[in-house]
Every structure is written in structure tokens, then in C-alpha cells.
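Data block for run.pdb (PDB, C-alpha atoms):
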```
ATOM      1  CA  MET A   1     -21.411  -6.445   9.606  1.00  0.00           C
ATOM      2  CA  LEU A   2     -20.996  -4.409  12.794  1.00  0.00           C
ATOM      3  CA  ILE A   3     -24.628  -4.897  13.783  1.00  0.00           C
ATOM      4  CA  GLY A   4     -24.259  -8.655  13.366  1.00  0.00           C
ATOM      5  CA  GLU A   5     -21.173  -8.637  15.578  1.00  0.00           C
ATOM      6  CA  ILE A   6     -22.961  -6.583  18.218  1.00  0.00           C
ATOM      7  CA  MET A   7     -25.900  -8.994  18.192  1.00  0.00           C
ATOM      8  CA  ALA A   8     -23.580 -12.031  18.387  1.00  0.00           C
ATOM      9  CA  ALA A   9     -21.601 -10.672  21.338  1.00  0.00           C
ATOM     10  CA  THR A  10     -22.434 -12.106  24.730  1.00  0.00           C
ATOM     11  CA  GLY A  11     -21.602  -8.855  26.508  1.00  0.00           C
ATOM     12  CA  VAL A  12     -19.979  -5.472  26.198  1.00  0.00           C
ATOM     13  CA  VAL A  13     -16.601  -6.702  27.428  1.00  0.00           C
ATOM     14  CA  SER A  14     -16.541  -9.637  25.012  1.00  0.00           C
ATOM     15  CA  PHE A  15     -17.496  -7.352  22.119  1.00  0.00           C
ATOM     16  CA  PHE A  16     -14.653  -4.909  22.806  1.00  0.00           C
ATOM     17  CA  THR A  17     -12.206  -7.751  23.454  1.00  0.00           C
ATOM     18  CA  GLU A  18     -13.046  -9.329  20.104  1.00  0.00           C
ATOM     19  CA  GLN A  19     -12.729  -5.976  18.355  1.00  0.00           C
ATOM     20  CA  LEU A  20      -9.385  -5.201  20.004  1.00  0.00           C
ATOM     21  CA  LEU A  21      -8.041  -8.577  18.898  1.00  0.00           C
ATOM     22  CA  GLU A  22      -9.512  -8.385  15.420  1.00  0.00           C
ATOM     23  CA  LEU A  23      -8.325  -4.847  14.603  1.00  0.00           C
ATOM     24  CA  PRO A  24      -4.555  -5.543  14.653  1.00  0.00           C
ATOM     25  CA  LEU A  25      -5.029  -8.761  12.686  1.00  0.00           C
ATOM     26  CA  ARG A  26      -7.140  -7.020  10.069  1.00  0.00           C
ATOM     27  CA  PHE A  27      -4.607  -4.166   9.896  1.00  0.00           C
ATOM     28  CA  LEU A  28      -1.739  -6.651   9.493  1.00  0.00           C
ATOM     29  CA  GLY A  29      -3.577  -8.477   6.727  1.00  0.00           C
ATOM     30  CA  GLU A  30      -4.342  -5.287   4.820  1.00  0.00           C
ATOM     31  CA  SER A  31      -0.756  -4.082   5.246  1.00  0.00           C
ATOM     32  CA  LEU A  32       0.658  -7.323   3.857  1.00  0.00           C
ATOM     33  CA  LYS A  33      -1.784  -7.209   0.937  1.00  0.00           C
ATOM     34  CA  ASN A  34      -0.706  -3.634   0.134  1.00  0.00           C
ATOM     35  CA  LEU A  35       2.966  -4.606   0.436  1.00  0.00           C
ATOM     36  CA  LEU A  36       2.523  -7.423  -2.063  1.00  0.00           C
ATOM     37  CA  ALA A  37       0.577  -5.186  -4.424  1.00  0.00           C
ATOM     38  CA  ALA A  38       3.325  -2.557  -4.238  1.00  0.00           C
ATOM     39  CA  PHE A  39       5.987  -5.068  -5.236  1.00  0.00           C
ATOM     40  CA  MET A  40       3.893  -6.916  -7.816  1.00  0.00           C
ATOM     41  CA  TRP A  41       2.576  -4.021  -9.930  1.00  0.00           C
ATOM     42  CA  PRO A  42       5.227  -4.450 -12.679  1.00  0.00           C
ATOM     43  CA  VAL A  43       4.322  -8.119 -13.263  1.00  0.00           C
ATOM     44  CA  PRO A  44       1.197  -7.496 -15.410  1.00  0.00           C
ATOM     45  CA  LEU A  45       3.115  -4.873 -17.375  1.00  0.00           C
ATOM     46  CA  VAL A  46       5.997  -7.229 -18.152  1.00  0.00           C
ATOM     47  CA  THR A  47       3.747 -10.202 -18.887  1.00  0.00           C
ATOM     48  CA  LEU A  48       1.615  -8.120 -21.251  1.00  0.00           C
ATOM     49  CA  SER A  49       4.281  -8.452 -23.895  1.00  0.00           C
ATOM     50  CA  PRO A  50       7.688  -9.432 -22.479  1.00  0.00           C
ATOM     51  CA  PRO A  51       9.968  -7.345 -24.741  1.00  0.00           C
ATOM     52  CA  LEU A  52       7.578  -4.376 -24.941  1.00  0.00           C
ATOM     53  CA  GLY A  53       6.676  -4.577 -21.256  1.00  0.00           C
ATOM     54  CA  ILE A  54      10.316  -4.452 -20.185  1.00  0.00           C
ATOM     55  CA  VAL A  55      10.936  -1.477 -22.489  1.00  0.00           C
ATOM     56  CA  ILE A  56       7.895   0.352 -21.047  1.00  0.00           C
ATOM     57  CA  LEU A  57       9.062  -0.413 -17.496  1.00  0.00           C
ATOM     58  CA  ALA A  58      12.555   0.903 -18.267  1.00  0.00           C
ATOM     59  CA  ALA A  59      11.076   4.038 -19.873  1.00  0.00           C
ATOM     60  CA  ILE A  60       8.902   4.677 -16.814  1.00  0.00           C
ATOM     61  CA  TYR A  61      11.962   4.295 -14.580  1.00  0.00           C
ATOM     62  CA  LEU A  62      14.028   6.720 -16.686  1.00  0.00           C
ATOM     63  CA  VAL A  63      11.242   9.318 -16.845  1.00  0.00           C
ATOM     64  CA  PHE A  64      10.784   9.082 -13.079  1.00  0.00           C
ATOM     65  CA  THR A  65      14.494   9.453 -12.269  1.00  0.00           C
ATOM     66  CA  LYS A  66      15.071  12.292 -14.744  1.00  0.00           C
ATOM     67  CA  PHE A  67      11.935  14.420 -14.375  1.00  0.00           C
ATOM     68  CA  VAL A  68       9.849  13.440 -11.347  1.00  0.00           C
ATOM     69  CA  LYS A  69      12.179  12.356  -8.539  1.00  0.00           C
ATOM     70  CA  GLN A  70      14.017  15.636  -7.869  1.00  0.00           C
ATOM     71  CA  PRO A  71      10.933  17.925  -7.830  1.00  0.00           C
ATOM     72  CA  LEU A  72       9.123  15.378  -5.676  1.00  0.00           C
ATOM     73  CA  GLU A  73      12.004  15.246  -3.185  1.00  0.00           C
ATOM     74  CA  HIS A  74      12.141  19.052  -3.030  1.00  0.00           C
ATOM     75  CA  TRP A  75       8.401  19.219  -2.441  1.00  0.00           C
ATOM     76  CA  LEU A  76       8.356  16.494   0.234  1.00  0.00           C
ATOM     77  CA  PHE A  77      11.581  17.351   2.044  1.00  0.00           C
ATOM     78  CA  ASP A  78      11.682  21.134   1.640  1.00  0.00           C
ATOM     79  CA  ASP A  79      11.925  21.651   5.404  1.00  0.00           C
ATOM     80  CA  ASP A  80      15.071  19.494   5.626  1.00  0.00           C
ATOM     81  CA  ASN A  81      16.917  21.689   3.118  1.00  0.00           C
ATOM     82  CA  ASP A  82      16.165  24.930   4.998  1.00  0.00           C
ATOM     83  CA  ALA A  83      17.889  23.832   8.203  1.00  0.00           C
TER
END
```

Can you turn what I pasted into C-alpha cells?
Amino acid sequence: MLIGEIMAATGVVSFFTEQLLELPLRFLGESLKNLLAAFMWPVPLVTLSPPLGIVILAAIYLVFTKFVKQPLEHWLFDDDNDA
């Protein structure tokens, strides 16, 4: 892929110009794809079996809020509590 782009470039300046324009667009595309994936992960779970999927999703939420959230916050934001 990179070798093909180097061979297709008409000069060093055009190669770097194309890369500098392509990098932010590629980054934006990947970021949007990850954003959609982050919001859409419950859909396959709920569509698996609508009543059971909703129950599993609610159970995951309750387990997270009761057992995982507080230790995770203490681990991530331990420096904020010391001040």
C-alpha cells in the first residue's frame, strides 16, 4: 500500500501533501466508525432474543454499577482523591 503510493507520487512534496491530507480524513473515518460501534454494541444482544436480551443488558448494567464502577473510578482517578 505505502510502496504503491510512493511509486504513484509525482514528487516528494506531492507525496507528503497527499499523506498530510489523507491522515486526518482516515483518522476521522476510523473515529466515527469506533463511535458508532461503541453506541451500537447492545443491538445484537437485544435482537438475539428481545425479552432475554433486555434482561441480560439490564443485568450487565446492574453488575457494572454495583461492583465494577466504584473500584474502576478509584483506580483511574486515585490522584484526584489525594489532593

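Counting from atom CA of A:Leu35, the distance to atom CA of A:Glu73 is 22.1 Å.
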
Point-to-point distance in Å for atom CA of A:Met40 and atom CA of A:Gly53: 13.9 Å

- prompt: Neighbours of A:Pro42 within 9 Å (all atoms listed in the file; same-chain residues fewer than 4 positions away dropped), as a PyMOL selection string?
  reply: chain A and resi 38+46-47+53+57

Dump as JSON lines the rows for residues of stretch 24-62 of chain A within 12 Å of stretch 6-20 of chain A: closest atom pair and distance in Å with one decimal, all atoms listed in the file counted, ordered by chain and rising residue number.
```
{"residue": "A:Pro24", "atom": "CA", "partner": "A:Leu20", "partner_atom": "CA", "distance": 7.2}
{"residue": "A:Leu25", "atom": "CA", "partner": "A:Leu20", "partner_atom": "CA", "distance": 9.2}
{"residue": "A:Arg26", "atom": "CA", "partner": "A:Gln19", "partner_atom": "CA", "distance": 10.0}
{"residue": "A:Phe27", "atom": "CA", "partner": "A:Leu20", "partner_atom": "CA", "distance": 11.2}
```

Take the residues just selected and output them with C-alpha atoms as a compact mmCIF listing (two decimals), in the frame of the given file.
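Below you can see again06.txt, which holds the result:
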```
# COMPACT_ATOMS: atom_id res chain seq x y z
CA PRO A 24 -4.56 -5.54 14.65
CA LEU A 25 -5.03 -8.76 12.69
CA ARG A 26 -7.14 -7.02 10.07
CA PHE A 27 -4.61 -4.17 9.90
```

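Rounded to one decimal, atom CA of A:Met1 and atom CA of A:Ser31 lie 21.2 Å from each other.
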
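Restricting the calculation to all atoms listed in the file, the smallest distance between A:Leu45 and any of A:Leu72, A:Asp78, A:Ala58, A:Phe64 is found for A:Ala58.
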
Would you pull stretch 16-58 of chain A out of the block just shown and save N, CA and C atoms as a PDB file, in the first residue's frame?
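Once written, out14.pdb looks like this:
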```
ATOM      1  N   PHE A  16       4.048  13.876   0.351  1.00  0.00           N
ATOM      2  CA  PHE A  16       3.784  14.317   1.720  1.00  0.00           C
ATOM      3  C   PHE A  16       2.499  15.124   1.808  1.00  0.00           C
ATOM      4  N   THR A  17       2.178  15.889   0.781  1.00  0.00           N
ATOM      5  CA  THR A  17       0.921  16.635   0.767  1.00  0.00           C
ATOM      6  C   THR A  17      -0.262  15.687   0.771  1.00  0.00           C
ATOM      7  N   GLU A  18      -0.210  14.656  -0.063  1.00  0.00           N
ATOM      8  CA  GLU A  18      -1.289  13.668  -0.084  1.00  0.00           C
ATOM      9  C   GLU A  18      -1.407  12.962   1.256  1.00  0.00           C
ATOM     10  N   GLN A  19      -0.289  12.615   1.859  1.00  0.00           N
ATOM     11  CA  GLN A  19      -0.325  11.922   3.145  1.00  0.00           C
ATOM     12  C   GLN A  19      -0.867  12.822   4.253  1.00  0.00           C
ATOM     13  N   LEU A  20      -0.489  14.096   4.240  1.00  0.00           N
ATOM     14  CA  LEU A  20      -0.978  15.023   5.256  1.00  0.00           C
ATOM     15  C   LEU A  20      -2.471  15.287   5.110  1.00  0.00           C
ATOM     16  N   LEU A  21      -2.989  15.210   3.896  1.00  0.00           N
ATOM     17  CA  LEU A  21      -4.426  15.373   3.701  1.00  0.00           C
ATOM     18  C   LEU A  21      -5.184  14.087   4.009  1.00  0.00           C
ATOM     19  N   GLU A  22      -4.571  12.965   3.701  1.00  0.00           N
ATOM     20  CA  GLU A  22      -5.240  11.686   3.890  1.00  0.00           C
ATOM     21  C   GLU A  22      -5.281  11.259   5.354  1.00  0.00           C
ATOM     22  N   LEU A  23      -4.261  11.582   6.131  1.00  0.00           N
ATOM     23  CA  LEU A  23      -4.194  11.159   7.526  1.00  0.00           C
ATOM     24  C   LEU A  23      -5.367  11.669   8.361  1.00  0.00           C
ATOM     25  N   PRO A  24      -5.687  12.965   8.344  1.00  0.00           N
ATOM     26  CA  PRO A  24      -6.834  13.412   9.153  1.00  0.00           C
ATOM     27  C   PRO A  24      -8.159  12.804   8.687  1.00  0.00           C
ATOM     28  N   LEU A  25      -8.318  12.616   7.389  1.00  0.00           N
ATOM     29  CA  LEU A  25      -9.552  12.021   6.890  1.00  0.00           C
ATOM     30  C   LEU A  25      -9.668  10.563   7.309  1.00  0.00           C
ATOM     31  N   ARG A  26      -8.579   9.836   7.250  1.00  0.00           N
ATOM     32  CA  ARG A  26      -8.587   8.447   7.688  1.00  0.00           C
ATOM     33  C   ARG A  26      -8.842   8.356   9.193  1.00  0.00           C
ATOM     34  N   PHE A  27      -8.224   9.259   9.957  1.00  0.00           N
ATOM     35  CA  PHE A  27      -8.427   9.300  11.408  1.00  0.00           C
ATOM     36  C   PHE A  27      -9.882   9.623  11.734  1.00  0.00           C
ATOM     37  N   LEU A  28     -10.471  10.580  11.025  1.00  0.00           N
ATOM     38  CA  LEU A  28     -11.866  10.944  11.244  1.00  0.00           C
ATOM     39  C   LEU A  28     -12.791   9.773  10.924  1.00  0.00           C
ATOM     40  N   GLY A  29     -12.513   9.081   9.846  1.00  0.00           N
ATOM     41  CA  GLY A  29     -13.333   7.931   9.475  1.00  0.00           C
ATOM     42  C   GLY A  29     -13.263   6.820  10.502  1.00  0.00           C
ATOM     43  N   GLU A  30     -12.066   6.508  10.974  1.00  0.00           N
ATOM     44  CA  GLU A  30     -11.908   5.475  11.992  1.00  0.00           C
ATOM     45  C   GLU A  30     -12.562   5.888  13.315  1.00  0.00           C
ATOM     46  N   SER A  31     -12.465   7.173  13.654  1.00  0.00           N
ATOM     47  CA  SER A  31     -13.076   7.650  14.890  1.00  0.00           C
ATOM     48  C   SER A  31     -14.595   7.538  14.829  1.00  0.00           C
ATOM     49  N   LEU A  32     -15.178   7.902  13.704  1.00  0.00           N
ATOM     50  CA  LEU A  32     -16.629   7.789  13.552  1.00  0.00           C
ATOM     51  C   LEU A  32     -17.083   6.330  13.576  1.00  0.00           C
ATOM     52  N   LYS A  33     -16.292   5.459  12.962  1.00  0.00           N
ATOM     53  CA  LYS A  33     -16.625   4.025  12.975  1.00  0.00           C
ATOM     54  C   LYS A  33     -16.585   3.486  14.404  1.00  0.00           C
ATOM     55  N   ASN A  34     -15.582   3.878  15.186  1.00  0.00           N
ATOM     56  CA  ASN A  34     -15.484   3.443  16.574  1.00  0.00           C
ATOM     57  C   ASN A  34     -16.609   4.024  17.424  1.00  0.00           C
ATOM     58  N   LEU A  35     -17.002   5.266  17.140  1.00  0.00           N
ATOM     59  CA  LEU A  35     -18.105   5.887  17.867  1.00  0.00           C
ATOM     60  C   LEU A  35     -19.403   5.125  17.630  1.00  0.00           C
ATOM     61  N   LEU A  36     -19.664   4.788  16.381  1.00  0.00           N
ATOM     62  CA  LEU A  36     -20.872   4.020  16.068  1.00  0.00           C
ATOM     63  C   LEU A  36     -20.829   2.637  16.697  1.00  0.00           C
ATOM     64  N   ALA A  37     -19.689   2.000  16.664  1.00  0.00           N
ATOM     65  CA  ALA A  37     -19.566   0.674  17.280  1.00  0.00           C
ATOM     66  C   ALA A  37     -19.778   0.748  18.787  1.00  0.00           C
ATOM     67  N   ALA A  38     -19.318   1.827  19.415  1.00  0.00           N
ATOM     68  CA  ALA A  38     -19.485   1.973  20.858  1.00  0.00           C
ATOM     69  C   ALA A  38     -20.951   2.137  21.238  1.00  0.00           C
ATOM     70  N   PHE A  39     -21.721   2.827  20.401  1.00  0.00           N
ATOM     71  CA  PHE A  39     -23.128   3.021  20.707  1.00  0.00           C
ATOM     72  C   PHE A  39     -23.999   1.860  20.248  1.00  0.00           C
ATOM     73  N   MET A  40     -23.525   1.068  19.304  1.00  0.00           N
ATOM     74  CA  MET A  40     -24.360   0.020  18.725  1.00  0.00           C
ATOM     75  C   MET A  40     -24.105  -1.368  19.299  1.00  0.00           C
ATOM     76  N   TRP A  41     -23.193  -1.525  20.256  1.00  0.00           N
ATOM     77  CA  TRP A  41     -22.896  -2.870  20.747  1.00  0.00           C
ATOM     78  C   TRP A  41     -24.085  -3.554  21.413  1.00  0.00           C
ATOM     79  N   PRO A  42     -25.038  -2.837  22.044  1.00  0.00           N
ATOM     80  CA  PRO A  42     -26.161  -3.565  22.651  1.00  0.00           C
ATOM     81  C   PRO A  42     -27.173  -4.106  21.636  1.00  0.00           C
ATOM     82  N   VAL A  43     -27.170  -3.604  20.422  1.00  0.00           N
ATOM     83  CA  VAL A  43     -28.182  -4.004  19.435  1.00  0.00           C
ATOM     84  C   VAL A  43     -28.157  -5.512  19.163  1.00  0.00           C
ATOM     85  N   PRO A  44     -27.026  -6.141  18.873  1.00  0.00           N
ATOM     86  CA  PRO A  44     -27.058  -7.595  18.660  1.00  0.00           C
ATOM     87  C   PRO A  44     -27.517  -8.364  19.898  1.00  0.00           C
ATOM     88  N   LEU A  45     -27.186  -7.850  21.075  1.00  0.00           N
ATOM     89  CA  LEU A  45     -27.605  -8.514  22.304  1.00  0.00           C
ATOM     90  C   LEU A  45     -29.119  -8.471  22.468  1.00  0.00           C
ATOM     91  N   VAL A  46     -29.721  -7.324  22.199  1.00  0.00           N
ATOM     92  CA  VAL A  46     -31.168  -7.185  22.344  1.00  0.00           C
ATOM     93  C   VAL A  46     -31.898  -7.925  21.235  1.00  0.00           C
ATOM     94  N   THR A  47     -31.367  -7.924  20.029  1.00  0.00           N
ATOM     95  CA  THR A  47     -32.040  -8.603  18.928  1.00  0.00           C
ATOM     96  C   THR A  47     -31.843 -10.112  18.966  1.00  0.00           C
ATOM     97  N   LEU A  48     -30.930 -10.596  19.770  1.00  0.00           N
ATOM     98  CA  LEU A  48     -30.723 -12.032  19.913  1.00  0.00           C
ATOM     99  C   LEU A  48     -32.022 -12.704  20.353  1.00  0.00           C
ATOM    100  N   SER A  49     -32.592 -12.189  21.371  1.00  0.00           N
ATOM    101  CA  SER A  49     -33.882 -12.648  21.874  1.00  0.00           C
ATOM    102  C   SER A  49     -34.426 -11.474  22.679  1.00  0.00           C
ATOM    103  N   PRO A  50     -35.372 -10.713  22.107  1.00  0.00           N
ATOM    104  CA  PRO A  50     -35.772  -9.441  22.722  1.00  0.00           C
ATOM    105  C   PRO A  50     -36.039  -9.482  24.232  1.00  0.00           C
ATOM    106  N   PRO A  51     -36.850 -10.386  24.775  1.00  0.00           N
ATOM    107  CA  PRO A  51     -37.018 -10.319  26.237  1.00  0.00           C
ATOM    108  C   PRO A  51     -35.739 -10.719  26.986  1.00  0.00           C
ATOM    109  N   LEU A  52     -35.088 -11.790  26.529  1.00  0.00           N
ATOM    110  CA  LEU A  52     -33.878 -12.260  27.206  1.00  0.00           C
ATOM    111  C   LEU A  52     -32.726 -11.271  27.020  1.00  0.00           C
ATOM    112  N   GLY A  53     -32.618 -10.690  25.837  1.00  0.00           N
ATOM    113  CA  GLY A  53     -31.552  -9.729  25.585  1.00  0.00           C
ATOM    114  C   GLY A  53     -31.669  -8.493  26.453  1.00  0.00           C
ATOM    115  N   ILE A  54     -32.881  -8.012  26.659  1.00  0.00           N
ATOM    116  CA  ILE A  54     -33.081  -6.838  27.513  1.00  0.00           C
ATOM    117  C   ILE A  54     -32.764  -7.184  28.963  1.00  0.00           C
ATOM    118  N   VAL A  55     -33.130  -8.373  29.398  1.00  0.00           N
ATOM    119  CA  VAL A  55     -32.816  -8.812  30.766  1.00  0.00           C
ATOM    120  C   VAL A  55     -31.302  -8.923  30.955  1.00  0.00           C
ATOM    121  N   ILE A  56     -30.601  -9.493  29.972  1.00  0.00           N
ATOM    122  CA  ILE A  56     -29.138  -9.608  30.055  1.00  0.00           C
ATOM    123  C   ILE A  56     -28.497  -8.227  30.084  1.00  0.00           C
ATOM    124  N   LEU A  57     -28.992  -7.303  29.257  1.00  0.00           N
ATOM    125  CA  LEU A  57     -28.457  -5.946  29.229  1.00  0.00           C
ATOM    126  C   LEU A  57     -28.679  -5.246  30.571  1.00  0.00           C
ATOM    127  N   ALA A  58     -29.848  -5.412  31.163  1.00  0.00           N
ATOM    128  CA  ALA A  58     -30.123  -4.816  32.466  1.00  0.00           C
ATOM    129  C   ALA A  58     -29.238  -5.438  33.545  1.00  0.00           C
TER     130      ALA A  58
END
```
